[in-house]
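To be precise, the following lines are query-v5.cif, and they hold mmCIF, C-alpha atoms.
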data_upload
#
loop_
_atom_site.label_atom_id
_atom_site.label_comp_id
_atom_site.auth_asym_id
_atom_site.auth_seq_id
_atom_site.Cartn_x
_atom_site.Cartn_y
_atom_site.Cartn_z
CA MET Y 1 -20.94 3.36 -41.34
CA SER Y 2 -22.85 1.58 -38.61
CA ALA Y 3 -26.57 1.00 -39.11
CA LEU Y 4 -27.54 3.46 -36.36
CA GLY Y 5 -25.16 6.08 -37.76
CA ALA Y 6 -26.70 5.58 -41.19
CA ILE Y 7 -30.22 6.07 -39.81
CA ILE Y 8 -29.21 9.28 -38.04
CA ALA Y 9 -27.37 10.62 -41.11
CA ARG Y 10 -30.27 9.77 -43.42
CA ASP Y 11 -32.93 11.39 -41.21
CA ILE Y 12 -30.89 14.57 -40.79
CA ARG Y 13 -30.20 14.72 -44.53
CA LEU Y 14 -33.90 14.25 -45.32
CA ALA Y 15 -34.91 16.92 -42.80
CA PHE Y 16 -32.59 19.52 -44.34
CA ARG Y 17 -33.51 18.68 -47.94
CA ALA Y 18 -36.32 20.43 -49.80
CA GLY Y 19 -39.63 19.44 -48.23
CA GLY Y 20 -37.96 18.29 -45.00
CA GLY Y 21 -39.13 19.46 -41.60
CA ALA Y 22 -36.07 21.37 -40.36
CA ALA Y 23 -36.94 24.77 -41.85
CA GLN Y 24 -40.56 24.37 -40.82
CA GLY Y 25 -39.79 24.17 -37.10
CA VAL Y 26 -37.41 27.10 -36.98
CA THR Y 27 -39.77 29.26 -39.09
CA PHE Y 28 -42.65 28.46 -36.76
CA PHE Y 29 -40.44 29.33 -33.79
CA ALA Y 30 -39.40 32.67 -35.32
CA LEU Y 31 -43.00 33.54 -36.18
CA THR Y 32 -44.11 32.81 -32.61
CA GLY Y 33 -41.47 35.24 -31.32
CA VAL Y 34 -42.34 37.96 -33.84
CA LEU Y 35 -46.08 37.72 -33.29
CA PHE Y 36 -45.65 37.76 -29.54
CA ALA Y 37 -43.49 40.87 -29.73
CA LEU Y 38 -46.15 42.57 -31.85
CA ALA Y 39 -48.93 41.47 -29.50
CA VAL Y 40 -47.23 42.86 -26.38
CA GLY Y 41 -46.47 46.19 -28.01
CA PRO Y 42 -43.96 48.81 -26.84
CA ASP Y 43 -43.74 47.82 -23.16
CA ILE Y 44 -40.04 46.95 -23.14
CA ALA Y 45 -39.87 46.06 -19.44
CA LEU Y 46 -42.77 43.59 -19.73
CA ILE Y 47 -41.52 41.90 -22.87
CA SER Y 48 -38.01 41.46 -21.52
CA LYS Y 49 -39.46 39.83 -18.41
CA ILE Y 50 -41.52 37.29 -20.34
CA ALA Y 51 -39.05 36.70 -23.19
CA ALA Y 52 -37.57 33.49 -21.75
CA PRO Y 53 -40.88 31.67 -21.09
CA VAL Y 54 -42.22 32.81 -24.47
CA LEU Y 55 -39.16 31.39 -26.24
CA TRP Y 56 -39.38 28.15 -24.26
CA THR Y 57 -43.05 27.73 -25.17
CA GLY Y 58 -42.29 28.58 -28.79
CA ALA Y 59 -39.52 25.98 -28.90
CA LEU Y 60 -41.79 23.36 -27.37
CA LEU Y 61 -44.56 23.96 -29.91
CA ALA Y 62 -42.11 24.14 -32.81
CA THR Y 63 -40.71 20.74 -31.85
CA GLN Y 64 -44.20 19.30 -31.73
CA ILE Y 65 -45.20 19.98 -35.33
CA SER Y 66 -42.75 17.49 -36.81
CA LEU Y 67 -43.36 14.60 -34.37
CA ASP Y 68 -46.02 13.20 -36.64
CA GLN Y 69 -43.39 12.44 -39.29
CA ILE Y 70 -40.77 10.67 -37.13
CA TRP Y 71 -42.18 7.22 -37.88
CA ARG Y 72 -45.05 7.82 -40.25
CA ALA Y 73 -42.85 8.83 -43.17
CA ASP Y 74 -40.98 5.53 -42.85
CA ARG Y 75 -44.15 3.53 -42.57
CA GLU Y 76 -45.75 5.14 -45.62
CA ASP Y 77 -42.89 4.31 -47.99
CA GLY Y 78 -42.14 0.89 -46.54
CA SER Y 79 -38.81 1.81 -44.92
CA LEU Y 80 -40.16 0.98 -41.48
CA ASP Y 81 -40.15 -2.70 -42.49
CA VAL Y 82 -36.50 -2.38 -43.48
CA LEU Y 83 -35.66 -0.68 -40.18
CA VAL Y 84 -37.43 -3.40 -38.21
CA GLU Y 85 -36.03 -6.20 -40.34
CA THR Y 86 -32.42 -5.05 -39.97
CA SER Y 87 -32.55 -3.96 -36.35
CA ASP Y 88 -30.81 -5.94 -33.65
CA MET Y 89 -32.65 -3.94 -31.04
CA LEU Y 90 -35.57 -1.78 -32.07
CA ALA Y 91 -35.14 0.36 -28.95
CA LEU Y 92 -31.73 1.53 -30.20
CA THR Y 93 -33.22 2.33 -33.59
CA ALA Y 94 -35.83 4.44 -31.77
CA LEU Y 95 -33.08 6.23 -29.84
CA ALA Y 96 -31.28 7.00 -33.12
CA LYS Y 97 -34.51 8.34 -34.62
CA ALA Y 98 -35.13 10.56 -31.58
CA PHE Y 99 -31.57 11.88 -31.73
CA ALA Y 100 -31.90 12.66 -35.46
CA HIS Y 101 -35.18 14.47 -34.74
CA TRP Y 102 -33.44 16.55 -32.09
CA VAL Y 103 -30.58 17.52 -34.41
CA ALA Y 104 -32.95 18.39 -37.25
CA THR Y 105 -35.58 20.21 -35.18
CA ALA Y 106 -34.32 21.44 -31.82
CA LEU Y 107 -30.73 22.30 -32.66
CA PRO Y 108 -31.73 24.94 -35.25
CA LEU Y 109 -34.06 26.46 -32.61
CA ILE Y 110 -31.25 26.73 -30.07
CA ILE Y 111 -29.06 28.37 -32.71
CA ALA Y 112 -31.86 30.81 -33.60
CA THR Y 113 -32.55 31.70 -29.95
CA PRO Y 114 -30.07 34.62 -29.65
CA ILE Y 115 -31.65 36.39 -32.64
CA LEU Y 116 -35.13 36.00 -31.21
CA GLY Y 117 -33.83 36.95 -27.78
CA LEU Y 118 -32.61 40.22 -29.25
CA MET Y 119 -36.02 40.88 -30.74
CA LEU Y 120 -37.80 40.18 -27.44
CA ASN Y 121 -35.27 42.27 -25.49
CA LEU Y 122 -34.07 39.28 -23.49
CA PRO Y 123 -31.78 40.54 -20.66
CA VAL Y 124 -28.10 40.00 -21.47
CA GLU Y 125 -27.53 37.75 -18.43
CA ALA Y 126 -30.42 35.49 -19.51
CA TYR Y 127 -28.94 34.33 -22.83
CA ALA Y 128 -26.68 31.65 -21.38
CA PRO Y 129 -29.30 30.18 -18.97
CA LEU Y 130 -31.87 30.08 -21.78
CA ALA Y 131 -29.51 28.37 -24.22
CA ILE Y 132 -28.32 25.89 -21.58
CA SER Y 133 -31.83 25.02 -20.42
CA LEU Y 134 -32.94 24.52 -24.03
CA ALA Y 135 -29.90 22.37 -24.75
CA ILE Y 136 -30.65 20.15 -21.73
CA GLY Y 137 -34.44 20.12 -22.09
CA THR Y 138 -35.14 19.78 -25.82
CA PRO Y 139 -33.75 16.23 -26.14
CA GLY Y 140 -36.55 15.26 -23.74
CA LEU Y 141 -39.10 16.77 -26.14
CA SER Y 142 -37.79 14.64 -29.02
CA LEU Y 143 -37.64 11.51 -26.85
CA ILE Y 144 -41.21 11.83 -25.57
CA GLY Y 145 -42.37 12.82 -29.05
CA CYS Y 146 -40.80 9.66 -30.45
CA ILE Y 147 -43.12 7.54 -28.29
CA ALA Y 148 -46.17 9.53 -29.38
CA GLY Y 149 -45.15 9.25 -33.03
CA ALA Y 150 -44.80 5.49 -32.66
CA LEU Y 151 -48.18 5.17 -30.95
CA VAL Y 152 -50.06 6.88 -33.77
CA VAL Y 153 -47.92 5.58 -36.65
CA SER Y 154 -50.80 3.78 -38.32
CA LEU Y 155 -53.37 6.56 -37.86
CA PRO Y 156 -53.77 9.15 -40.58
CA ARG Y 157 -53.82 12.88 -39.67
CA ALA Y 158 -52.82 12.31 -36.07
CA HIS Y 159 -51.47 15.82 -35.35
CA LEU Y 160 -54.17 16.59 -32.81
CA LEU Y 161 -53.80 13.23 -31.10
CA ILE Y 162 -50.03 13.72 -30.83
CA ALA Y 163 -50.52 17.17 -29.30
CA ILE Y 164 -52.92 15.71 -26.73
CA ILE Y 165 -50.54 12.85 -25.90
CA VAL Y 166 -47.36 14.87 -25.54
CA SER Y 167 -48.62 18.10 -23.95
CA PRO Y 168 -49.09 16.75 -20.41
CA LEU Y 169 -45.80 14.88 -20.66
CA TYR Y 170 -44.03 18.05 -21.80
CA VAL Y 171 -45.23 20.00 -18.74
CA PRO Y 172 -42.35 19.10 -16.38
CA ILE Y 173 -39.78 19.93 -19.05
CA LEU Y 174 -41.46 23.27 -19.71
CA ILE Y 175 -41.70 24.16 -16.01
CA PHE Y 176 -38.12 23.28 -15.12
CA GLY Y 177 -36.66 24.59 -18.38
CA SER Y 178 -38.48 27.85 -18.34
CA GLY Y 179 -37.88 28.12 -14.59
CA ALA Y 180 -34.13 27.79 -15.06
CA ALA Y 181 -34.11 30.29 -17.93
CA MET Y 182 -36.10 32.86 -15.97
CA SER Y 183 -34.29 32.59 -12.65
CA GLY Y 184 -30.92 33.43 -14.22
CA ALA Y 185 -27.52 31.94 -13.57
CA GLY Y 186 -27.01 33.59 -10.17
CA ALA Y 187 -30.23 32.50 -8.48
CA PRO Y 188 -30.28 29.49 -6.12
CA GLN Y 189 -33.22 27.89 -7.93
CA TYR Y 190 -31.28 27.96 -11.23
CA GLY Y 191 -29.20 24.88 -10.42
CA ALA Y 192 -32.16 23.04 -8.89
CA ASN Y 193 -34.29 23.65 -11.97
CA LEU Y 194 -31.53 22.51 -14.30
CA MET Y 195 -30.96 19.33 -12.29
CA LEU Y 196 -34.65 18.47 -12.22
CA LEU Y 197 -34.78 19.20 -15.94
CA GLY Y 198 -31.81 16.89 -16.52
CA ALA Y 199 -33.39 14.17 -14.40
CA THR Y 200 -36.64 14.37 -16.35
CA VAL Y 201 -34.77 14.10 -19.65
CA LEU Y 202 -32.67 11.17 -18.45
CA PHE Y 203 -35.83 9.40 -17.35
CA ALA Y 204 -37.29 10.00 -20.82
CA ALA Y 205 -34.06 8.71 -22.38
CA ILE Y 206 -34.50 5.37 -20.62
CA LEU Y 207 -38.24 5.06 -21.11
CA SER Y 208 -38.63 6.42 -24.64
CA PRO Y 209 -36.64 3.84 -26.65
CA LEU Y 210 -38.37 0.94 -24.92
CA ALA Y 211 -41.84 2.46 -25.13
CA SER Y 212 -41.36 3.50 -28.77
CA ALA Y 213 -40.19 0.02 -29.75
CA ALA Y 214 -43.16 -1.59 -27.99
CA ALA Y 215 -45.59 0.84 -29.63
CA LEU Y 216 -44.10 0.14 -33.07
CA ARG Y 217 -44.27 -3.60 -32.65
CA SER Y 218 -47.92 -3.45 -31.69
CA ASN Y 219 -48.60 -1.26 -34.75
CA LEU Y 220 -46.91 -3.52 -37.30
CA ASP Y 221 -49.42 -5.22 -39.51
CA MET C 222 -25.72 -20.08 -45.56
CA ARG C 223 -28.36 -22.64 -46.57
CA VAL C 224 -31.53 -22.27 -44.61
CA VAL C 225 -34.68 -24.35 -44.25
CA PHE C 226 -37.82 -22.32 -43.71
CA THR C 227 -40.77 -23.79 -41.84
CA ALA C 228 -44.12 -22.33 -40.90
CA SER C 229 -46.41 -24.49 -38.84
CA ASN C 230 -50.10 -23.99 -38.15
CA LEU C 231 -49.95 -20.24 -38.65
CA ALA C 232 -53.02 -18.13 -38.03
CA VAL C 233 -52.82 -14.47 -38.97
CA SER C 234 -55.16 -11.50 -38.72
CA ARG C 235 -55.21 -8.12 -40.32
CA GLY C 236 -56.84 -5.15 -38.62
CA GLY C 237 -58.16 -7.45 -35.90
CA ARG C 238 -59.94 -9.67 -38.44
CA PRO C 239 -58.64 -13.23 -38.88
CA VAL C 240 -57.67 -13.87 -42.51
CA LEU C 241 -55.82 -17.19 -42.62
CA THR C 242 -55.70 -20.13 -40.27
CA ASN C 243 -53.79 -23.35 -40.17
CA VAL C 244 -51.12 -22.50 -42.74
CA SER C 245 -48.15 -24.86 -42.81
CA LEU C 246 -45.27 -24.61 -45.24
CA ARG C 247 -41.78 -26.01 -45.47
CA ALA C 248 -39.17 -24.83 -47.96
CA GLU C 249 -35.77 -26.47 -48.39
CA PRO C 250 -32.70 -24.74 -49.85
CA GLY C 251 -33.32 -24.19 -53.58
CA ASP C 252 -37.11 -24.22 -53.26
CA ALA C 253 -39.41 -21.65 -54.82
CA VAL C 254 -42.94 -21.30 -53.49
CA VAL C 255 -45.56 -19.20 -55.25
CA LEU C 256 -48.46 -17.97 -53.13
CA ARG C 257 -51.64 -17.62 -55.09
CA GLY C 258 -55.15 -16.66 -54.15
CA PRO C 259 -57.81 -14.06 -54.77
CA ASN C 260 -57.36 -10.42 -53.67
CA GLY C 261 -57.80 -9.97 -49.96
CA VAL C 262 -57.14 -13.60 -49.08
CA GLY C 263 -54.12 -12.56 -47.01
CA LYS C 264 -51.05 -13.20 -49.17
CA THR C 265 -49.26 -10.06 -48.02
CA THR C 266 -50.24 -10.59 -44.40
CA LEU C 267 -48.92 -14.13 -44.57
CA LEU C 268 -45.63 -13.03 -46.14
CA ARG C 269 -45.19 -10.43 -43.39
CA ALA C 270 -45.80 -13.10 -40.76
CA PHE C 271 -43.24 -15.35 -42.48
CA ALA C 272 -40.68 -12.55 -42.38
CA GLY C 273 -41.31 -11.82 -38.70
CA LEU C 274 -42.81 -8.39 -39.38
CA LEU C 275 -46.18 -9.38 -37.98
CA ARG C 276 -46.87 -11.52 -34.97
CA PRO C 277 -49.09 -14.48 -35.90
CA ASP C 278 -52.13 -15.19 -33.69
CA SER C 279 -50.88 -18.72 -33.28
CA GLY C 280 -48.37 -21.08 -34.83
CA THR C 281 -44.66 -20.67 -35.37
CA VAL C 282 -42.18 -19.59 -38.02
CA GLY C 283 -38.69 -21.02 -37.99
CA PHE C 284 -35.43 -20.73 -39.92
CA THR C 285 -32.90 -23.47 -39.40
CA ASP C 286 -29.38 -23.66 -40.70
CA ALA C 287 -29.16 -26.66 -43.05
CA ALA C 288 -25.39 -26.94 -42.58
CA ASP C 289 -25.17 -26.34 -38.86
CA ALA C 290 -27.24 -29.26 -37.55
CA GLY C 291 -30.50 -27.39 -37.64
CA ARG C 292 -29.38 -24.42 -35.60
CA SER C 293 -32.20 -21.91 -35.32
CA ARG C 294 -31.73 -18.44 -36.85
CA ALA C 295 -33.57 -15.17 -36.30
CA PRO C 296 -35.69 -13.97 -39.24
CA SER C 297 -33.77 -10.68 -39.32
CA GLU C 298 -30.56 -12.63 -39.78
CA VAL C 299 -31.55 -14.81 -42.72
CA SER C 300 -34.63 -13.37 -44.42
CA ILE C 301 -35.63 -10.27 -46.34
CA PHE C 302 -39.12 -8.99 -47.09
CA CYS C 303 -39.74 -7.02 -50.30
CA GLY C 304 -43.24 -5.62 -50.09
CA VAL C 305 -45.22 -3.72 -52.70
CA LEU C 306 -43.77 -0.52 -51.26
CA ASN C 307 -40.23 -0.05 -52.46
CA ALA C 308 -38.94 1.39 -49.18
CA HIS C 309 -36.94 4.09 -50.90
CA LYS C 310 -36.81 7.73 -49.86
CA ALA C 311 -38.09 10.00 -52.61
CA ALA C 312 -35.85 12.89 -51.53
CA LEU C 313 -32.64 10.83 -51.70
CA THR C 314 -30.86 9.91 -54.89
CA LEU C 315 -30.84 6.35 -56.07
CA ARG C 316 -27.22 5.97 -55.00
CA GLU C 317 -27.98 7.36 -51.51
CA ASN C 318 -30.86 4.93 -51.11
CA LEU C 319 -28.67 1.98 -52.04
CA ALA C 320 -25.89 3.17 -49.73
CA PHE C 321 -28.35 3.52 -46.84
CA TRP C 322 -29.57 -0.04 -47.32
CA ALA C 323 -26.00 -1.29 -47.58
CA ALA C 324 -25.32 0.23 -44.15
CA LEU C 325 -28.47 -1.28 -42.63
CA TYR C 326 -27.88 -4.75 -44.06
CA ARG C 327 -24.16 -4.46 -43.25
CA ALA C 328 -23.27 -5.08 -46.88
CA PRO C 329 -19.91 -4.23 -48.46
CA GLN C 330 -19.77 -1.30 -50.92
CA THR C 331 -19.20 -3.69 -53.83
CA ARG C 332 -22.73 -4.98 -53.49
CA ILE C 333 -24.12 -1.50 -54.23
CA GLU C 334 -22.42 -1.69 -57.64
CA ALA C 335 -23.62 -5.26 -58.13
CA ALA C 336 -27.20 -4.31 -57.32
CA SER C 337 -27.30 -1.33 -59.64
CA THR C 338 -25.69 -3.34 -62.46
CA GLN C 339 -28.06 -6.28 -61.99
CA PHE C 340 -31.16 -4.11 -62.16
CA LYS C 341 -29.69 -1.80 -64.85
CA LEU C 342 -30.01 1.20 -62.54
CA ALA C 343 -26.49 2.60 -63.03
CA PRO C 344 -27.53 5.34 -65.53
CA TYR C 345 -29.98 6.70 -62.96
CA SER C 346 -27.62 6.75 -59.96
CA ASP C 347 -27.86 10.52 -59.43
CA TYR C 348 -31.61 10.78 -60.00
CA LEU C 349 -33.80 11.51 -57.01
CA ALA C 350 -35.68 8.29 -56.30
CA GLY C 351 -38.93 10.28 -56.30
CA ALA C 352 -38.35 11.11 -59.98
CA LEU C 353 -38.16 7.47 -61.06
CA SER C 354 -40.97 5.83 -63.00
CA THR C 355 -43.02 3.11 -61.30
CA GLY C 356 -41.07 0.35 -63.02
CA LEU C 357 -37.66 1.85 -62.24
CA ALA C 358 -38.69 2.42 -58.62
CA ARG C 359 -39.73 -1.23 -58.45
CA ARG C 360 -36.31 -2.26 -59.74
CA LEU C 361 -34.74 -0.07 -57.06
CA GLY C 362 -36.94 -1.77 -54.43
CA LEU C 363 -35.92 -5.21 -55.66
CA ALA C 364 -32.24 -4.22 -55.69
CA ARG C 365 -32.47 -4.57 -51.92
CA LEU C 366 -32.49 -8.36 -52.46
CA ILE C 367 -28.95 -8.19 -53.81
CA ILE C 368 -27.70 -5.76 -51.19
CA ALA C 369 -29.09 -7.77 -48.28
CA GLU C 370 -27.92 -11.12 -49.65
CA ARG C 371 -30.14 -13.09 -47.28
CA PRO C 372 -30.81 -16.77 -47.99
CA VAL C 373 -34.60 -16.51 -47.70
CA TRP C 374 -36.55 -14.05 -49.88
CA PHE C 375 -40.17 -13.10 -49.26
CA ILE C 376 -41.38 -11.04 -52.20
CA ASP C 377 -44.79 -9.48 -52.73
CA GLU C 378 -45.89 -8.86 -56.34
CA PRO C 379 -42.35 -8.45 -57.68
CA THR C 380 -43.21 -8.09 -61.35
CA ALA C 381 -46.45 -6.07 -61.25
CA ALA C 382 -44.80 -2.89 -62.59
CA LEU C 383 -41.94 -4.46 -64.55
CA ASP C 384 -41.63 -4.63 -68.33
CA SER C 385 -41.11 -8.06 -69.88
CA ALA C 386 -37.31 -7.73 -70.13
CA SER C 387 -37.04 -6.76 -66.45
CA SER C 388 -39.37 -9.59 -65.49
CA GLU C 389 -37.09 -12.03 -67.30
CA ASP C 390 -34.07 -10.53 -65.54
CA PHE C 391 -35.87 -10.96 -62.25
CA VAL C 392 -36.63 -14.61 -62.95
CA THR C 393 -32.95 -15.17 -63.85
CA LEU C 394 -31.95 -13.57 -60.57
CA VAL C 395 -34.33 -15.77 -58.59
CA GLU C 396 -33.07 -18.92 -60.36
CA ALA C 397 -29.46 -17.96 -59.60
CA HIS C 398 -30.41 -17.44 -55.97
CA ARG C 399 -31.99 -20.92 -55.86
CA GLN C 400 -28.88 -22.41 -57.49
CA ARG C 401 -26.89 -21.07 -54.53
CA GLY C 402 -29.29 -22.79 -52.15
CA GLY C 403 -31.58 -19.86 -51.47
CA VAL C 404 -35.28 -20.06 -50.72
CA VAL C 405 -37.87 -17.83 -52.43
CA VAL C 406 -41.49 -17.32 -51.44
CA ILE C 407 -43.34 -15.07 -53.89
CA ALA C 408 -46.90 -13.79 -53.82
CA THR C 409 -47.89 -13.04 -57.40
CA HIS C 410 -50.65 -13.13 -59.95
CA ASP C 411 -48.21 -13.25 -62.87
CA PRO C 412 -47.26 -16.65 -64.27
CA LEU C 413 -43.52 -16.53 -63.51
CA PRO C 414 -41.57 -19.25 -65.35
CA LEU C 415 -39.78 -20.59 -62.28
CA ASN C 416 -38.32 -24.04 -62.64
CA GLY C 417 -40.25 -26.54 -60.52
CA ALA C 418 -41.87 -23.91 -58.30
CA ARG C 419 -44.51 -25.11 -55.89
CA ILE C 420 -47.86 -23.39 -56.13
CA PHE C 421 -49.37 -22.72 -52.72
CA GLU C 422 -53.03 -21.94 -53.21
CA LEU C 423 -54.67 -19.87 -50.47
CA THR C 424 -58.39 -19.89 -49.90
CA ALA C 425 -60.34 -17.76 -47.48
CA LYS C 426 -59.76 -18.68 -43.82
CA ALA C 427 -58.22 -22.05 -44.64
CA ALA C 428 -55.14 -22.77 -46.68
CA ALA C 429 -54.37 -25.94 -48.54
#
Could you take the file, read its structure, and then write that structure out as structure tokens?
Amino acid sequence: MSALGAIIARDIRLAFRAGGGAAQGVTFFALTGVLFALAVGPDIALISKIAAPVLWTGALLATQISLDQIWRADREDGSLDVLVETSDMLALTALAKAFAHWVATALPLIIATPILGLMLNLPVEAYAPLAISLAIGTPGLSLIGCIAGALVVSLPRAHLLIAIIVSPLYVPILIFGSGAAMSGAGAPQYGANLMLLGATVLFAAILSPLASAAALRSNLD
Amino acid sequence: MRVVFTASNLAVSRGGRPVLTNVSLRAEPGDAVVLRGPNGVGKTTLLRAFAGLLRPDSGTVGFTDAADAGRSRAPSEVSIFCGVLNAHKAALTLRENLAFWAALYRAPQTRIEAASTQFKLAPYSDYLAGALSTGLARRLGLARLIIAERPVWFIDEPTAALDSASSEDFVTLVEAHRQRGGVVVIATHDPLPLNGARIFELTAKAAA
């Protein structure tokens, strides 16, 4: 197996093992949906209207809680040295780590979305736009999160700092993603939102590996 | 590959505070260098700078190929750093940890067997690494030396948690590595019986 493949496989395996972060994210996401449904009460028309943005926000927050661990876990047990020492290009290692984070965190959320959609009375025609916008947008969340995780890798208890760093950067993804999901497949703004969402994520895909690698290098000591 | 390691006029800091200045060291194939000095003098920091894991404030670190007319090599290509952390994942089994390293260091599968035989880890292959004792975990951490098979070894406190038999095994392993033309730089407080090892005494802010 190639080195990058091994990193991806290891991170995914660790996330799905006992104590890993995969179940944490999807549980948080489900709880957000349930609590929101309870908070809104029996107004079915209202809840079905806001279901898509609620699920998008829930997915965004659920992705955020595990960002702290992307690099810190490797630094704390010494594996980060091994990753750096064996890497031909640290930026590619960062890309592999971001991809593994997406598979372990965001993919379970996308799979859980239909169940939560049912609970929040999401209109039938909104399922596909919501799933597609999440599939396009969530990689951007992992990519941006990877930079934040690298920036704070040497700081203990950096959850709050990570939230402050990523929240403004997540705003475009949330606006375009939620916008696409709400407008529905037929609307003219659907395609525009998806394309802007895709552009934002592609931009993050270029910037994130380089920025993460630079942040890691400056934090190695 | 036989590699000559040179460090010239290195100055390193930790946490923004300068710890060592003007460190120069040259190690030929087969050399063993033991770094000594009081706690906090900067042995680990220096080893990390040697291995390219920390950028020195000034000075240079170089690895040159003894066979290939002094061709320069990247640290990641020829050296390995074994710190006090064993770099294993507690939630993976011992075998999974070794296999992961083998993939990273691009080592053949046979070296996984060799490493677990050398460090007598075979009976624990299916244990979760988190369940290993301190000494066994240390042996797992050191097994990386065999998997990576790099000519230059930088090792921090290798024997601190090892029993006397494992320490002897480790010394045998280091001597075999030197026989093959490898270089070893070890930071340790233990008196390791290494044949003709150079002692490199570090003192605060200036090294001999």
Counting all atoms listed in the file, the residue of Y:Ile47, Y:Leu151, Y:Met195, Y:Leu220 that sits nearest chain C | Y:Leu220
Got a sec to resolve the PyMOL selection byres ((chain Y and resi 78-86) around 8) on this structure and send the residues as a PyMOL selection string?
-> (chain Y and resi 71+74-77+87-88+90+93) or (chain C and resi 273-274+296-298+301-302+304+306-310+325-326)
Given the file shown, determine the residues that the PyMOL selection byres ((chain C and resi 233-248) around 6) selects; report them as a PDB file with C-alpha atoms, keeping the file's coordinate frame.
ATOM      1  CA  VAL C 225     -34.680 -24.350 -44.250  1.00  0.00           C
ATOM      2  CA  PHE C 226     -37.820 -22.320 -43.710  1.00  0.00           C
ATOM      3  CA  THR C 227     -40.770 -23.790 -41.840  1.00  0.00           C
ATOM      4  CA  ALA C 228     -44.120 -22.330 -40.900  1.00  0.00           C
ATOM      5  CA  SER C 229     -46.410 -24.490 -38.840  1.00  0.00           C
ATOM      6  CA  ASN C 230     -50.100 -23.990 -38.150  1.00  0.00           C
ATOM      7  CA  LEU C 231     -49.950 -20.240 -38.650  1.00  0.00           C
ATOM      8  CA  ALA C 232     -53.020 -18.130 -38.030  1.00  0.00           C
ATOM      9  CA  GLU C 249     -35.770 -26.470 -48.390  1.00  0.00           C
ATOM     10  CA  ASP C 252     -37.110 -24.220 -53.260  1.00  0.00           C
ATOM     11  CA  GLY C 263     -54.120 -12.560 -47.010  1.00  0.00           C
ATOM     12  CA  PRO C 277     -49.090 -14.480 -35.900  1.00  0.00           C
ATOM     13  CA  ASP C 278     -52.130 -15.190 -33.690  1.00  0.00           C
ATOM     14  CA  LYS C 426     -59.760 -18.680 -43.820  1.00  0.00           C
ATOM     15  CA  ALA C 427     -58.220 -22.050 -44.640  1.00  0.00           C
ATOM     16  CA  ALA C 428     -55.140 -22.770 -46.680  1.00  0.00           C
TER      17      ALA C 428
END
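Taking atom CA of Y:Arg17 and atom CA of Y:Trp102 as the two end points, the separation is 16.0 Å.
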Residues near C:Asn416, cut-off 10 Å, all atoms listed in the file, skip fewer than 5 positions along chain, as a PyMOL selection string | chain C and resi 252-253+392+396+399
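Listed by chain and then by number, the residues chosen by the PyMOL selection byres ((chain Y and resi 120) around 7) in this file are Ala37, Ile47, Ser48, Ala51, Leu116, Gly117, Leu118, Met119, Asn121 and Leu122 of chain Y.
Atom CA of C:Phe375 lies 6.9 Å from atom CA of C:Ala272.
Using only C-alpha atoms, the nearest neighbour of chain C within the list Y:Ser183, Y:Ser167, Y:Ser154, Y:Thr27 is Y:Ser154.
Shortest atom-to-atom contact with chain Y among C:Pro412, C:Gly283, C:Gly258, C:Pro329: C:Pro329, counting all atoms listed in the file.
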Some atoms are absent from stretch 65-74 of chain Y, so rebuild N, CA and C atoms and return them as a JSON list (two decimals), in the coordinates of the input.
[["chain", "number", "residue", "atom", "x", "y", "z"],
["Y", 65, "ILE", "N", -44.54, 20.10, -34.01],
["Y", 65, "ILE", "CA", -45.20, 19.98, -35.33],
["Y", 65, "ILE", "C", -44.59, 18.90, -36.20],
["Y", 66, "SER", "N", -43.35, 18.49, -35.93],
["Y", 66, "SER", "CA", -42.75, 17.49, -36.81],
["Y", 66, "SER", "C", -42.78, 16.07, -36.22],
["Y", 67, "LEU", "N", -43.35, 15.92, -35.02],
["Y", 67, "LEU", "CA", -43.36, 14.60, -34.37],
["Y", 67, "LEU", "C", -44.10, 13.56, -35.20],
["Y", 68, "ASP", "N", -45.17, 14.05, -35.83],
["Y", 68, "ASP", "CA", -46.02, 13.20, -36.64],
["Y", 68, "ASP", "C", -45.22, 12.41, -37.69],
["Y", 69, "GLN", "N", -44.13, 13.03, -38.17],
["Y", 69, "GLN", "CA", -43.39, 12.44, -39.29],
["Y", 69, "GLN", "C", -42.28, 11.48, -38.85],
["Y", 70, "ILE", "N", -41.93, 11.46, -37.55],
["Y", 70, "ILE", "CA", -40.77, 10.67, -37.13],
["Y", 70, "ILE", "C", -40.88, 9.25, -37.65],
["Y", 71, "TRP", "N", -42.01, 8.61, -37.44],
["Y", 71, "TRP", "CA", -42.18, 7.22, -37.88],
["Y", 71, "TRP", "C", -43.08, 7.08, -39.08],
["Y", 72, "ARG", "N", -44.05, 8.00, -39.19],
["Y", 72, "ARG", "CA", -45.05, 7.82, -40.25],
["Y", 72, "ARG", "C", -44.43, 7.83, -41.64],
["Y", 73, "ALA", "N", -43.47, 8.74, -41.86],
["Y", 73, "ALA", "CA", -42.85, 8.83, -43.17],
["Y", 73, "ALA", "C", -42.23, 7.48, -43.54],
["Y", 74, "ASP", "N", -41.61, 6.83, -42.58],
["Y", 74, "ASP", "CA", -40.98, 5.53, -42.85],
["Y", 74, "ASP", "C", -42.01, 4.44, -43.06]]
